[in-house]
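A.B. asks: The following file, work.tsv, comprises TSV, C-alpha atoms:
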```tsv
chain	number	residue	atom	x	y	z
D	34	MET	CA	3.01	-30.63	20.27
D	35	ALA	CA	-0.74	-30.55	20.59
D	36	ALA	CA	-0.88	-34.31	21.12
D	37	THR	CA	0.45	-34.00	24.65
D	38	VAL	CA	-2.51	-32.02	25.89
D	39	VAL	CA	-5.44	-33.83	24.28
D	40	ASN	CA	-7.73	-36.06	26.23
D	41	PRO	CA	-7.60	-39.62	24.91
D	42	THR	CA	-11.33	-40.16	24.84
D	43	ARG	CA	-13.71	-41.26	22.16
D	44	MET	CA	-15.56	-37.97	22.34
D	45	GLU	CA	-12.39	-36.00	21.74
D	46	LEU	CA	-11.56	-38.30	18.86
D	47	THR	CA	-14.89	-37.63	17.15
D	48	ARG	CA	-14.45	-33.91	17.69
D	49	LEU	CA	-10.95	-33.91	16.23
D	50	LYS	CA	-12.03	-35.95	13.24
D	51	ARG	CA	-14.75	-33.44	12.51
D	52	LYS	CA	-12.27	-30.60	12.94
D	53	LEU	CA	-9.84	-32.25	10.55
D	54	LYS	CA	-12.54	-32.63	7.94
D	55	THR	CA	-13.47	-28.95	8.19
D	56	ALA	CA	-9.84	-27.91	8.05
D	57	GLN	CA	-9.22	-29.98	4.95
D	58	ARG	CA	-12.25	-28.58	3.21
D	59	GLY	CA	-11.26	-25.03	4.19
D	60	HIS	CA	-7.75	-25.68	2.95
D	61	LYS	CA	-8.99	-26.83	-0.43
D	62	LEU	CA	-11.32	-23.86	-0.80
D	63	LEU	CA	-8.67	-21.34	0.23
D	64	LYS	CA	-6.19	-22.91	-2.12
D	65	ASP	CA	-8.64	-22.53	-4.99
D	66	LYS	CA	-9.27	-18.94	-3.95
D	67	ARG	CA	-5.55	-18.24	-3.88
D	68	ASP	CA	-5.03	-19.71	-7.32
D	69	GLU	CA	-7.84	-17.71	-8.86
D	70	LEU	CA	-6.71	-14.51	-7.12
D	71	MET	CA	-3.23	-15.08	-8.41
D	72	LYS	CA	-4.51	-15.44	-11.93
D	73	GLN	CA	-6.50	-12.21	-11.69
D	74	PHE	CA	-3.59	-10.45	-10.03
D	75	LEU	CA	-1.08	-11.40	-12.70
D	76	ASP	CA	-3.46	-10.24	-15.42
D	77	THR	CA	-3.90	-6.93	-13.64
D	78	VAL	CA	-0.20	-6.49	-13.05
D	79	ARG	CA	0.59	-7.06	-16.71
D	80	GLU	CA	-1.97	-4.43	-17.60
D	81	VAL	CA	-0.56	-2.02	-15.04
D	82	ARG	CA	2.94	-2.39	-16.42
D	83	THR	CA	2.01	-1.59	-19.99
D	84	LEU	CA	-0.31	1.24	-19.03
D	85	ARG	CA	2.20	2.73	-16.62
D	86	SER	CA	5.00	2.86	-19.12
D	87	GLN	CA	2.60	4.41	-21.60
D	88	VAL	CA	1.34	7.03	-19.12
D	89	GLU	CA	4.86	7.84	-18.00
D	90	ALA	CA	6.00	8.39	-21.57
D	91	GLU	CA	3.00	10.57	-22.34
D	92	LEU	CA	3.39	12.59	-19.18
D	93	MET	CA	7.01	13.25	-20.00
D	94	ARG	CA	5.92	14.58	-23.35
D	95	VAL	CA	3.38	16.83	-21.63
D	96	HIS	CA	6.00	18.09	-19.22
D	97	GLY	CA	8.20	18.77	-22.19
D	98	SER	CA	5.48	20.85	-23.85
D	99	PHE	CA	4.94	22.79	-20.64
D	100	THR	CA	8.65	23.47	-20.42
D	101	VAL	CA	8.67	24.81	-23.96
D	102	ALA	CA	5.60	26.90	-23.21
D	103	SER	CA	7.15	28.35	-20.09
D	104	ALA	CA	10.27	29.19	-22.10
D	105	LEU	CA	8.17	31.17	-24.55
D	106	MET	CA	6.10	32.93	-21.91
D	107	SER	CA	7.02	34.59	-18.68
D	108	GLY	CA	6.45	32.50	-15.59
D	109	ALA	CA	4.01	35.00	-14.18
D	110	ALA	CA	1.96	35.14	-17.38
D	111	MET	CA	1.74	31.38	-17.51
D	112	GLU	CA	0.73	31.10	-13.90
D	113	GLN	CA	-1.87	33.76	-14.47
D	114	ALA	CA	-3.24	31.94	-17.50
D	115	LEU	CA	-3.62	28.70	-15.57
D	116	MET	CA	-4.71	30.18	-12.28
D	117	TYR	CA	-8.47	29.81	-12.55
D	118	PRO	CA	-9.50	26.53	-14.08
D	119	LYS	CA	-12.65	26.42	-16.13
D	120	GLN	CA	-12.97	22.71	-15.80
D	121	SER	CA	-13.69	20.78	-12.64
D	122	VAL	CA	-13.63	17.06	-12.14
D	123	GLU	CA	-15.62	14.95	-9.75
D	124	LEU	CA	-14.80	11.35	-9.16
D	125	ASP	CA	-17.43	8.68	-8.71
D	126	MET	CA	-16.23	5.57	-7.02
D	127	SER	CA	-18.12	2.32	-7.12
D	128	PHE	CA	-16.85	-1.05	-6.07
D	129	HIS	CA	-16.90	-4.43	-7.60
D	130	ASN	CA	-16.01	-7.74	-6.18
D	131	VAL	CA	-13.10	-9.85	-7.38
D	132	MET	CA	-12.97	-13.09	-5.37
D	133	SER	CA	-14.29	-11.36	-2.23
D	134	VAL	CA	-11.94	-8.42	-2.63
D	135	ASN	CA	-13.62	-5.09	-3.12
D	136	VAL	CA	-11.86	-3.09	-5.79
D	137	PRO	CA	-12.76	0.42	-6.86
D	138	THR	CA	-14.06	1.44	-10.25
D	139	TYR	CA	-13.71	5.09	-11.11
D	140	THR	CA	-15.91	7.16	-13.32
D	141	TYR	CA	-15.51	10.87	-13.48
D	142	LYS	CA	-17.73	13.77	-14.28
D	143	THR	CA	-16.47	17.01	-15.71
D	144	ARG	CA	-18.26	20.30	-15.52
D	145	THR	CA	-17.94	21.04	-19.20
D	146	SER	CA	-18.39	18.01	-21.36
D	147	ASP	CA	-16.54	19.41	-24.36
D	148	THR	CA	-12.89	18.44	-24.11
D	149	SER	CA	-11.79	21.34	-26.30
D	150	ASP	CA	-13.46	23.80	-23.99
D	151	ILE	CA	-11.04	23.49	-21.11
D	152	PHE	CA	-8.75	26.43	-21.78
D	153	PRO	CA	-9.22	28.87	-18.93
D	154	TYR	CA	-7.44	31.71	-20.70
D	155	GLY	CA	-7.78	33.92	-23.74
D	156	PHE	CA	-5.57	32.99	-26.66
D	157	ALA	CA	-4.28	36.51	-27.22
D	158	THR	CA	-1.68	36.64	-24.50
D	159	THR	CA	-0.55	33.03	-24.38
D	160	SER	CA	1.64	31.00	-26.66
D	161	GLY	CA	0.32	28.19	-28.82
D	162	GLU	CA	2.61	25.74	-27.08
D	163	LEU	CA	0.60	26.08	-23.93
D	164	ASP	CA	-2.58	25.11	-25.77
D	165	SER	CA	-1.11	21.90	-27.08
D	166	ALA	CA	0.41	21.10	-23.69
D	167	VAL	CA	-2.95	21.50	-21.98
D	168	GLU	CA	-4.67	19.47	-24.64
D	169	ALA	CA	-2.14	16.65	-24.38
D	170	LEU	CA	-2.56	16.64	-20.63
D	171	GLY	CA	-6.31	16.33	-21.08
D	172	ASP	CA	-5.73	13.26	-23.24
D	173	VAL	CA	-3.31	11.58	-20.87
D	174	PHE	CA	-5.66	12.15	-17.94
D	175	GLN	CA	-7.98	9.39	-19.16
D	176	SER	CA	-5.15	6.91	-19.03
D	177	MET	CA	-4.05	8.22	-15.65
D	178	LEU	CA	-7.47	7.49	-14.23
D	179	LYS	CA	-7.46	3.99	-15.66
D	180	LEU	CA	-3.96	3.51	-14.25
D	181	ALA	CA	-5.13	4.63	-10.80
D	182	GLN	CA	-7.94	2.11	-10.93
D	183	ILE	CA	-5.93	-0.91	-11.95
D	184	GLU	CA	-2.94	-0.05	-9.83
D	185	LYS	CA	-5.13	0.19	-6.74
D	186	THR	CA	-6.77	-3.08	-7.74
D	187	ALA	CA	-3.35	-4.70	-7.98
D	188	GLN	CA	-2.39	-3.41	-4.54
D	189	LEU	CA	-5.58	-4.66	-2.93
D	190	LEU	CA	-5.32	-8.03	-4.65
D	191	ALA	CA	-1.70	-8.36	-3.52
D	192	GLU	CA	-2.78	-7.80	0.07
D	193	GLU	CA	-5.55	-10.38	-0.17
D	194	ILE	CA	-3.27	-12.93	-1.82
D	195	GLU	CA	-0.74	-12.49	0.95
D	196	LYS	CA	-3.43	-13.08	3.56
D	197	THR	CA	-4.89	-16.09	1.77
D	198	ARG	CA	-1.48	-17.60	1.22
D	199	ARG	CA	-0.71	-17.37	4.92
D	200	ARG	CA	-3.98	-19.02	5.80
D	201	VAL	CA	-3.40	-21.82	3.31
D	202	ASN	CA	0.07	-22.42	4.71
D	203	ALA	CA	-1.12	-22.30	8.31
D	204	LEU	CA	-3.75	-24.90	7.56
D	205	GLU	CA	-1.46	-27.06	5.46
D	206	TYR	CA	1.63	-27.06	7.64
D	207	VAL	CA	0.33	-26.50	11.17
D	208	MET	CA	-3.35	-27.07	11.73
D	209	ILE	CA	-3.89	-30.22	9.65
D	210	PRO	CA	-0.69	-32.09	10.70
D	211	ASN	CA	-1.32	-31.24	14.36
D	212	THR	CA	-4.85	-32.54	14.23
D	213	GLN	CA	-3.76	-35.69	12.43
D	214	GLU	CA	-1.08	-36.23	15.04
D	215	ALA	CA	-3.62	-35.81	17.84
D	216	ILE	CA	-6.00	-38.24	16.16
D	217	ARG	CA	-3.21	-40.79	15.79
D	218	TYR	CA	-2.27	-40.35	19.44
D	219	ILE	CA	-5.83	-40.88	20.64
D	220	THR	CA	-6.36	-43.91	18.42
D	221	MET	CA	-3.19	-45.53	19.71
D	222	LYS	CA	-4.05	-44.74	23.30
D	223	LEU	CA	-7.53	-46.19	22.92
D	224	ASP	CA	-6.15	-49.33	21.24
D	225	GLU	CA	-3.62	-49.70	23.99
D	226	ASN	CA	-6.35	-49.39	26.62
D	227	GLU	CA	-8.35	-52.06	24.87
D	228	ARG	CA	-5.41	-54.42	24.74
D	229	SER	CA	-4.66	-53.92	28.39
D	230	THR	CA	-8.27	-54.66	29.25
D	231	THR	CA	-8.15	-57.87	27.24
D	232	THR	CA	-4.97	-59.08	28.93
D	233	ARG	CA	-6.36	-58.21	32.34
D	234	LEU	CA	-9.49	-60.21	31.62
D	235	MET	CA	-7.45	-63.17	30.40
D	236	LYS	CA	-5.37	-63.02	33.55
D	237	VAL	CA	-8.44	-62.86	35.76
D	238	LYS	CA	-9.98	-65.75	33.88
D	239	ASP	CA	-6.80	-67.81	34.41
D	240	MET	CA	-6.83	-67.06	38.09
D	241	LEU	CA	-10.51	-68.03	38.41
D	242	LEU	CA	-9.91	-71.28	36.54
D	243	GLN	CA	-6.93	-72.07	38.72
D	244	GLN	CA	-9.03	-71.50	41.83
D	245	ALA	CA	-11.90	-73.63	40.52
D	246	LEU	CA	-9.45	-76.40	39.65
D	247	GLU	CA	-7.97	-76.41	43.11
D	248	GLU	CA	-11.42	-76.48	44.74
D	249	GLN	CA	-12.37	-79.37	42.52
D	250	LYS	CA	-9.17	-81.20	43.45
D	251	ALA	CA	-9.88	-80.65	47.14
D	252	ARG	CA	-13.47	-81.91	46.74
D	253	ASP	CA	-12.22	-84.99	44.85
D	254	ALA	CA	-9.65	-85.75	47.52
D	255	GLU	CA	-12.33	-85.42	50.22
D	256	ALA	CA	-14.73	-87.68	48.36
D	257	LEU	CA	-12.02	-90.29	47.91
D	258	GLN	CA	-11.23	-90.28	51.60
D	259	ASN	CA	-14.91	-90.71	52.54
D	260	PHE	CA	-15.22	-93.55	50.10
D	261	GLN	CA	-12.34	-95.55	51.51
R	67	MET	CA	-22.00	6.14	-4.75
R	68	ALA	CA	-19.91	8.79	-3.13
R	69	ARG	CA	-18.27	11.77	-4.69
R	70	TYR	CA	-14.56	12.16	-4.44
R	71	HIS	CA	-11.96	14.63	-5.57
R	72	ILE	CA	-8.66	14.03	-7.26
R	73	ALA	CA	-5.48	15.62	-5.92
R	74	VAL	CA	-2.03	16.14	-7.36
R	75	ILE	CA	0.94	16.73	-5.06
R	76	GLY	CA	4.28	17.74	-6.50
R	77	ASP	CA	6.66	20.58	-7.10
R	78	LYS	CA	5.13	23.71	-8.52
R	79	ASP	CA	6.13	23.18	-12.12
R	80	SER	CA	4.97	19.59	-12.24
R	81	VAL	CA	1.48	20.20	-10.90
R	82	LEU	CA	0.75	23.44	-12.71
R	83	GLY	CA	-0.85	21.84	-15.75
R	84	PHE	CA	-3.19	19.60	-13.78
R	85	LYS	CA	-4.97	22.60	-12.40
R	86	VAL	CA	-6.43	23.29	-15.82
R	87	LEU	CA	-8.09	19.88	-15.83
R	88	GLY	CA	-9.91	20.75	-12.66
R	89	LEU	CA	-7.87	18.60	-10.31
R	90	ALA	CA	-6.95	19.92	-6.90
R	91	THR	CA	-3.27	20.75	-7.02
R	92	PHE	CA	-1.02	21.04	-4.00
R	93	PRO	CA	2.33	22.53	-4.92
R	94	VAL	CA	4.92	21.77	-2.24
R	95	ASP	CA	8.55	22.77	-1.81
R	96	SER	CA	9.86	20.06	0.47
R	97	VAL	CA	9.31	16.43	1.36
R	98	ASP	CA	8.14	17.41	4.84
R	99	GLN	CA	5.54	19.69	3.38
R	100	ALA	CA	4.44	16.95	0.99
R	101	ARG	CA	4.15	14.55	3.91
R	102	THR	CA	1.87	16.84	5.91
R	103	THR	CA	-0.18	17.65	2.83
R	104	LEU	CA	-0.59	13.98	2.03
R	105	HIS	CA	-1.81	13.08	5.49
R	106	THR	CA	-4.14	16.06	5.64
R	107	ILE	CA	-5.83	15.44	2.33
R	108	ALA	CA	-5.94	11.66	2.75
R	109	LYS	CA	-8.33	12.29	5.64
R	110	GLU	CA	-10.51	14.40	3.39
R	111	ASN	CA	-12.56	13.38	0.44
R	112	TYR	CA	-9.84	12.55	-2.05
R	113	GLY	CA	-10.18	9.28	-3.94
R	114	ILE	CA	-7.02	9.46	-5.99
R	115	ILE	CA	-3.85	11.28	-5.04
R	116	TYR	CA	-1.21	11.60	-7.72
R	117	LEU	CA	2.24	12.13	-6.27
R	118	THR	CA	5.44	12.88	-8.11
R	119	GLU	CA	8.14	10.26	-7.93
R	120	THR	CA	10.76	12.73	-6.79
R	121	LEU	CA	8.83	13.29	-3.57
R	122	ALA	CA	7.70	9.71	-3.26
R	123	ALA	CA	11.32	8.53	-3.22
R	124	SER	CA	11.66	9.64	0.40
R	125	MET	CA	8.08	9.03	1.52
R	126	ASP	CA	7.94	5.24	1.39
R	127	SER	CA	6.49	4.69	4.84
R	128	ASP	CA	3.88	7.40	4.37
R	129	ILE	CA	2.68	5.86	1.15
R	130	ALA	CA	2.69	2.35	2.59
R	131	ARG	CA	0.19	3.52	5.18
R	132	TYR	CA	-2.45	4.01	2.49
R	133	LYS	CA	-1.63	0.93	0.47
R	134	ASP	CA	-4.44	-1.15	1.93
R	135	VAL	CA	-6.96	1.66	2.26
R	136	LEU	CA	-9.77	1.05	-0.17
R	137	THR	CA	-10.82	4.61	-0.91
R	138	THR	CA	-7.46	6.31	-1.16
R	139	ALA	CA	-5.25	5.43	-4.09
R	140	ILE	CA	-1.82	6.99	-4.17
R	141	ILE	CA	-0.49	6.81	-7.69
R	142	LEU	CA	3.04	7.88	-8.54
R	143	ILE	CA	3.61	9.96	-11.63
R	144	PRO	CA	6.87	11.22	-13.06
R	145	GLY	CA	7.55	14.85	-12.24
R	146	LYS	CA	9.39	17.40	-14.30
R	147	GLU	CA	12.67	15.58	-13.74
R	148	GLY	CA	11.49	12.49	-15.54
R	149	SER	CA	10.61	8.97	-14.53
R	150	GLN	CA	12.85	7.39	-11.91
R	151	GLY	CA	11.29	3.96	-12.19
R	152	ILE	CA	9.82	4.12	-8.69
R	153	GLY	CA	6.32	3.47	-9.96
R	154	MET	CA	7.52	0.40	-11.80
R	155	ARG	CA	9.49	-0.73	-8.77
R	156	ASN	CA	6.34	-0.52	-6.67
R	157	ILE	CA	4.54	-2.87	-9.05
R	158	LYS	CA	7.43	-5.25	-8.69
R	159	LYS	CA	7.14	-5.00	-4.92
R	160	ALA	CA	3.43	-5.77	-5.08
R	161	VAL	CA	4.20	-8.89	-7.10
R	162	GLU	CA	6.83	-9.92	-4.58
R	163	ARG	CA	4.37	-9.37	-1.77
R	164	ALA	CA	1.72	-11.53	-3.40
R	165	VAL	CA	3.78	-14.29	-4.94
R	166	GLY	CA	6.84	-14.28	-2.72
R	167	ALA	CA	9.18	-13.78	-5.66
R	168	ASP	CA	9.37	-11.51	-8.65
R	169	ILE	CA	8.13	-13.72	-11.45
R	170	LEU	CA	7.55	-11.15	-14.16
```
What does the file become when written as structure tokens?

C.D. replies:
Amino acid sequence: MAATVVNPTRMELTRLKRKLKTAQRGHKLLKDKRDELMKQFLDTVREVRTLRSQVEAELMRVHGSFTVASALMSGAAMEQALMYPKQSVELDMSFHNVMSVNVPTYTYKTRTSDTSDIFPYGFATTSGELDSAVEALGDVFQSMLKLAQIEKTAQLLAEEIEKTRRRVNALEYVMIPNTQEAIRYITMKLDENERSTTTRLMKVKDMLLQQALEEQKARDAEALQNFQ
Amino acid sequence: MARYHIAVIGDKDSVLGFKVLGLATFPVDSVDQARTTLHTIAKENYGIIYLTETLAASMDSDIARYKDVLTTAIILIPGKEGSQGIGMRNIKKAVERAVGADIL
């Protein structure tokens, strides 16, 4: 317990009181931060869940189309058709701030802007299935990018929430009670000191009075003797 | 604003199509190979790495390493074999991490 090592002085008491005030304010702020983060996080997670199931379903369809295409064409021909991509994608990443957490925002640039102009092969030697598979993949890619963005956001928010929650708990259950305990200890110690000073003074006063009384008695007795 | 690339790691059949879109594809045959590829390209300029669930199933610790890295997002996608629910399970784990219990 922290109370056993503190110095019971007025200066320490003032310091601890200030510390307690700061801790309580920090606790309140962090708690608010945690609540808001949690709200944002849950919104994001809900979005991730719907988008993910959608992307997964779409991707499965695309895989299906590719399987059909590869059944209609020889593996080598298909590989050859897809070997040299016409399209290239570059990813731009900027960041925005959600309750002091930096989360990425993706925008992407493609070399050819026309989405129908992505087929890197001539249509003569390939099957039509491949075309629709590639096209479907192009469509699902948009959602995949969005998914990447919000899923990363969710991960980063989860990390920050975990950290904030720990801080809130540390303040609430360790730091603040310990400081309060120390303050109580010092207050009691100081009060006790004061009381002991008072009793000592009373005792001293009694002793002085007693002495004065006896001196007075002695003087009276002497005066009486002289008088007789 | 920095420029990044997008990578796809998976078995050959699963990643084939992504090449057409202009993504960098890394076909791998084994989990070990996927692991080395992942760590190599994570050091390079790749902002998003899509990884098939089949491989991800046995690469938990490798993926966890990049979970808190801001500029590398590892996103699981279903491979040819279909969705195994690992992506969804990871969302659940994130919720558990943040809230302490699965509340959704």

A.B. asks: Restricting the calculation to all atoms listed in the file: of D:Thr77, D:Met71, D:Leu163, D:Asn202, which residue gets closest to Glu112 of chain D?

C.D. replies: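 Going through D:Thr77, D:Met71, D:Leu163, D:Asn202 one by one, the smallest distance to Glu112 of chain D is for D:Leu163.
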
A.B. asks: Determine, for each residue of chain R having at least one atom at most 7 Å from an atom of chain D, the closest pair of atoms and their separation in Å to one decimal, counting only C-alpha atoms; order by chain and ascending number, as JSON lines.

C.D. replies:
```
{"residue": "R:Met67", "atom": "CA", "partner": "D:Ser127", "partner_atom": "CA", "distance": 5.9}
{"residue": "R:Ala68", "atom": "CA", "partner": "D:Asp125", "partner_atom": "CA", "distance": 6.1}
{"residue": "R:Arg69", "atom": "CA", "partner": "D:Asp125", "partner_atom": "CA", "distance": 5.1}
{"residue": "R:Tyr70", "atom": "CA", "partner": "D:Leu124", "partner_atom": "CA", "distance": 4.8}
{"residue": "R:His71", "atom": "CA", "partner": "D:Glu123", "partner_atom": "CA", "distance": 5.6}
{"residue": "R:Ile72", "atom": "CA", "partner": "D:Leu124", "partner_atom": "CA", "distance": 7.0}
{"residue": "R:Gly83", "atom": "CA", "partner": "D:Val167", "partner_atom": "CA", "distance": 6.6}
{"residue": "R:Lys85", "atom": "CA", "partner": "D:Pro118", "partner_atom": "CA", "distance": 6.2}
{"residue": "R:Val86", "atom": "CA", "partner": "D:Pro118", "partner_atom": "CA", "distance": 4.8}
{"residue": "R:Leu87", "atom": "CA", "partner": "D:Gln120", "partner_atom": "CA", "distance": 5.6}
{"residue": "R:Gly88", "atom": "CA", "partner": "D:Ser121", "partner_atom": "CA", "distance": 3.8}
{"residue": "R:Leu89", "atom": "CA", "partner": "D:Val122", "partner_atom": "CA", "distance": 6.2}
{"residue": "R:Lys133", "atom": "CA", "partner": "D:Gln188", "partner_atom": "CA", "distance": 6.7}
{"residue": "R:Asp134", "atom": "CA", "partner": "D:Leu189", "partner_atom": "CA", "distance": 6.1}
{"residue": "R:Ala139", "atom": "CA", "partner": "D:Lys185", "partner_atom": "CA", "distance": 5.9}
{"residue": "R:Ile141", "atom": "CA", "partner": "D:Ala181", "partner_atom": "CA", "distance": 6.0}
{"residue": "R:Ile143", "atom": "CA", "partner": "D:Glu89", "partner_atom": "CA", "distance": 6.8}
{"residue": "R:Pro144", "atom": "CA", "partner": "D:Glu89", "partner_atom": "CA", "distance": 6.3}
{"residue": "R:Lys146", "atom": "CA", "partner": "D:His96", "partner_atom": "CA", "distance": 6.0}
{"residue": "R:Gly148", "atom": "CA", "partner": "D:Met93", "partner_atom": "CA", "distance": 6.4}
{"residue": "R:Ser149", "atom": "CA", "partner": "D:Glu89", "partner_atom": "CA", "distance": 6.8}
{"residue": "R:Ala160", "atom": "CA", "partner": "D:Ala191", "partner_atom": "CA", "distance": 6.0}
{"residue": "R:Val161", "atom": "CA", "partner": "D:Ala191", "partner_atom": "CA", "distance": 6.9}
{"residue": "R:Arg163", "atom": "CA", "partner": "D:Ala191", "partner_atom": "CA", "distance": 6.4}
{"residue": "R:Ala164", "atom": "CA", "partner": "D:Ala191", "partner_atom": "CA", "distance": 4.7}
```

A.B. asks: Using the selection just defined, write its residues with C-alpha atoms as a PDB file, keeping the file's coordinate frame.

C.D. replies:
```pdb
ATOM      1  CA  MET R  67     -22.000   6.140  -4.750  1.00  0.00           C
ATOM      2  CA  ALA R  68     -19.910   8.790  -3.130  1.00  0.00           C
ATOM      3  CA  ARG R  69     -18.270  11.770  -4.690  1.00  0.00           C
ATOM      4  CA  TYR R  70     -14.560  12.160  -4.440  1.00  0.00           C
ATOM      5  CA  HIS R  71     -11.960  14.630  -5.570  1.00  0.00           C
ATOM      6  CA  ILE R  72      -8.660  14.030  -7.260  1.00  0.00           C
ATOM      7  CA  GLY R  83      -0.850  21.840 -15.750  1.00  0.00           C
ATOM      8  CA  LYS R  85      -4.970  22.600 -12.400  1.00  0.00           C
ATOM      9  CA  VAL R  86      -6.430  23.290 -15.820  1.00  0.00           C
ATOM     10  CA  LEU R  87      -8.090  19.880 -15.830  1.00  0.00           C
ATOM     11  CA  GLY R  88      -9.910  20.750 -12.660  1.00  0.00           C
ATOM     12  CA  LEU R  89      -7.870  18.600 -10.310  1.00  0.00           C
ATOM     13  CA  LYS R 133      -1.630   0.930   0.470  1.00  0.00           C
ATOM     14  CA  ASP R 134      -4.440  -1.150   1.930  1.00  0.00           C
ATOM     15  CA  ALA R 139      -5.250   5.430  -4.090  1.00  0.00           C
ATOM     16  CA  ILE R 141      -0.490   6.810  -7.690  1.00  0.00           C
ATOM     17  CA  ILE R 143       3.610   9.960 -11.630  1.00  0.00           C
ATOM     18  CA  PRO R 144       6.870  11.220 -13.060  1.00  0.00           C
ATOM     19  CA  LYS R 146       9.390  17.400 -14.300  1.00  0.00           C
ATOM     20  CA  GLY R 148      11.490  12.490 -15.540  1.00  0.00           C
ATOM     21  CA  SER R 149      10.610   8.970 -14.530  1.00  0.00           C
ATOM     22  CA  ALA R 160       3.430  -5.770  -5.080  1.00  0.00           C
ATOM     23  CA  VAL R 161       4.200  -8.890  -7.100  1.00  0.00           C
ATOM     24  CA  ARG R 163       4.370  -9.370  -1.770  1.00  0.00           C
ATOM     25  CA  ALA R 164       1.720 -11.530  -3.400  1.00  0.00           C
TER      26      ALA R 164
END
```

A.B. asks: Excluding same-chain residues fewer than 2 positions from Lys50 of chain D, what lies within 12 Å of it counting all atoms listed in the file, as a ChimeraX atom specification?

C.D. replies: /D:43-48,52-57,209,211-217,219-220

A.B. asks: Atom CA of Leu104 of chain R and atom CA of Glu80 of chain D are how many Å apart?

C.D. replies: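 These atoms are spaced 26.9 Å apart.
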
A.B. asks: Could you please determine the separation between atom CA of Phe92 of chain R and atom CA of Ile140 of chain R in Å, to one decimal place?

C.D. replies: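 Calculated distance between atom CA of Phe92 of chain R and atom CA of Ile140 of chain R is 14.1 Å.
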
A.B. asks: Please check which residues have atoms at most 10 Å from (8.8, 0.3, -5.0) in the file's coordinates, counting all atoms listed in the file, and write them as a list of chain:residue names.

C.D. replies: R:Ala122, R:Ala123, R:Asp126, R:Ala130, R:Gly151, R:Ile152, R:Gly153, R:Met154, R:Arg155, R:Asn156, R:Ile157, R:Lys158, R:Lys159, R:Ala160

A.B. asks: What is the distance between atom CA of His60 of chain D and atom CA of Leu204 of chain D, in Å to one decimal?

C.D. replies: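 Atom-to-atom, atom CA of His60 of chain D and atom CA of Leu204 of chain D are spaced 6.2 Å apart.
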
A.B. asks: Once you add 6 Å to each side, what are the centre and edge lengths of the axis-aligned box holding all listed atoms of segment 203-209 of chain D? One decimal in Å, as lines of an AutoDock Vina configuration file, if you can.

C.D. replies:
```
center_x = -1.1
center_y = -26.3
center_z = 8.6
size_x = 17.5
size_y = 19.9
size_z = 18.3
```
